[in-house]
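**Q** Submitted below is the structure of interest, expressed as structure tokens.
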Amino acid sequence: MLKSPYHGGHLEVIVGPMFSGKSEELIRRVTRAVIARQRVQVFKPALDNRYHETAVASHAGRTVQALAVRGAQDIRTHLSGDTPLLSTRGDSLPDVVGIDEVQFLDAAVIPLALELADAGVRVILAGLDLDFRAEPFGFMPALLARAESVEKLTAICTVCGAPATRSQRLIGGQPARFDDPVVLVGALESYEARCRVHHEVHH
Ligand code: ADP
């Protein structure tokens with residue numbers, strides 16, 4: 001017997017540049033599900049090496065409870081231990097699983113998301129579609145291709161006010177170079193939302 005009358009497992013992905021409201025949109029969808037008494041579990045990548053309680057926060061300050069995880073395997077273990085997800089559905093899987101900043105997890109999140117959707121879970125994933133060079137971010141294209149729904153959000157270009165589809169990376173106030181490492185330890189870096197015209201990557 002399934003616990004939930006909601007059988008429509010599927011995969012929803014929310015993408016866009018930084019500041020486009022991906023976390024806000026994830027929080028909005030998750031909050032509505034909670035109000036409708038759905039069982040919801042939200043995850044996000046841990047910045048350090050710990051597995052712990054935390055929150056997803058939008059840049060505007062809204063939050064929702066989440067678990068910080070080190071990778072897709074942590075999510076799998078949290079949801080079902082060693083049991084295959086498909087046979088877990090009736091017992092303990094949530095109705096809705098949300099993941100923020102999904103691009104920082106690993107590619108094993110794709111089969112995990114598909115298994116959850118097959119098991120009847122509504123899976124909502126939010127993350128960057130492009131890196132600071134405006135190149136597709138890691139495994140995100142493969143995730144987008146497999147989703148039932150994709151919402152591509154825009155921010156507002158900080159230079160001209162046009163819809164911003166890209167994340168401008170600044171190091172010491174200057175546009176980052178194409179070959180700068182994606183993660184720079186200890187550098188003074190910041191990000192701004194930019195449109196196609198005002199996004200700069202130095203070669
Ligand atoms: P994301 O998860 O896509 O990074 P958030 O949901 O965390 O986005 O934050 C979206 C919020 O960021 C907006 O509601 C707004 O308050 C703020 N914000 C800051 N800079 C911008 C910008 N250039 N364009 C749009 N929103 C911005």
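Starting from 1 in every chain, residues are counted up; chains themselves are A, B, ... following the order of the structure tokens, and ligands are numbered from 1 as listed.
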Kindly work out which residues sit at most 12 Å from ligand 1, using only C-alpha atoms and all ligand atoms, and give the list as a PyMOL selection string.
**A** chain A and resi 14-28+44+56-64+99-103+125-130+151-168+190-195
**Q** Tell me, which residues of chain A carry DSSP strand (DSSP E or B), written as an MDAnalysis selection string?
**A** chainID A and resid 10:15 40:45 52:57 63:69 96:99 122:127 130 136 149:152 155:156 163:164 166:171 174:175 177 189:194 202
**Q** Which residues are close to Arg133 of chain A, i.e. within 10 Å by only C-alpha atoms, leaving aside same-chain residues fewer than 6 positions away? Reply as a count of residues only.
**A** 14
**Q** From the set A:Val123, A:Gly138, A:Leu114, A:Ala108, which residue has the shortest atom-to-atom contact distance to Phe43 of chain A, counting only C-alpha atoms?
**A**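 Looking only at the distances to Phe43 of chain A, the closest residue turns out to be A:Val123.
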**Q** For a quick check of understanding, using only C-alpha atoms, which of A:Ala66, A:Val150, A:Leu170, A:His198 has the smallest distance to His10 of chain A?
**A** A:Val150
**Q** When DSSP works through the backbone of this structure, what residues of segment 18-153 of chain A end up as helix (DSSP H, G or I), shown as a PyMOL selection string?
**A** chain A and resi 22-35+72-80+85-87+102-104+109-118+140-146
**Q** Have a look at A:Leu184, A:Glu135, A:Gln38, A:Glu189 and name the one nearest to Gly172 of chain A; count only C-alpha atoms.
**A**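 Closest residue, counting only C-alpha atoms: A:Glu189.
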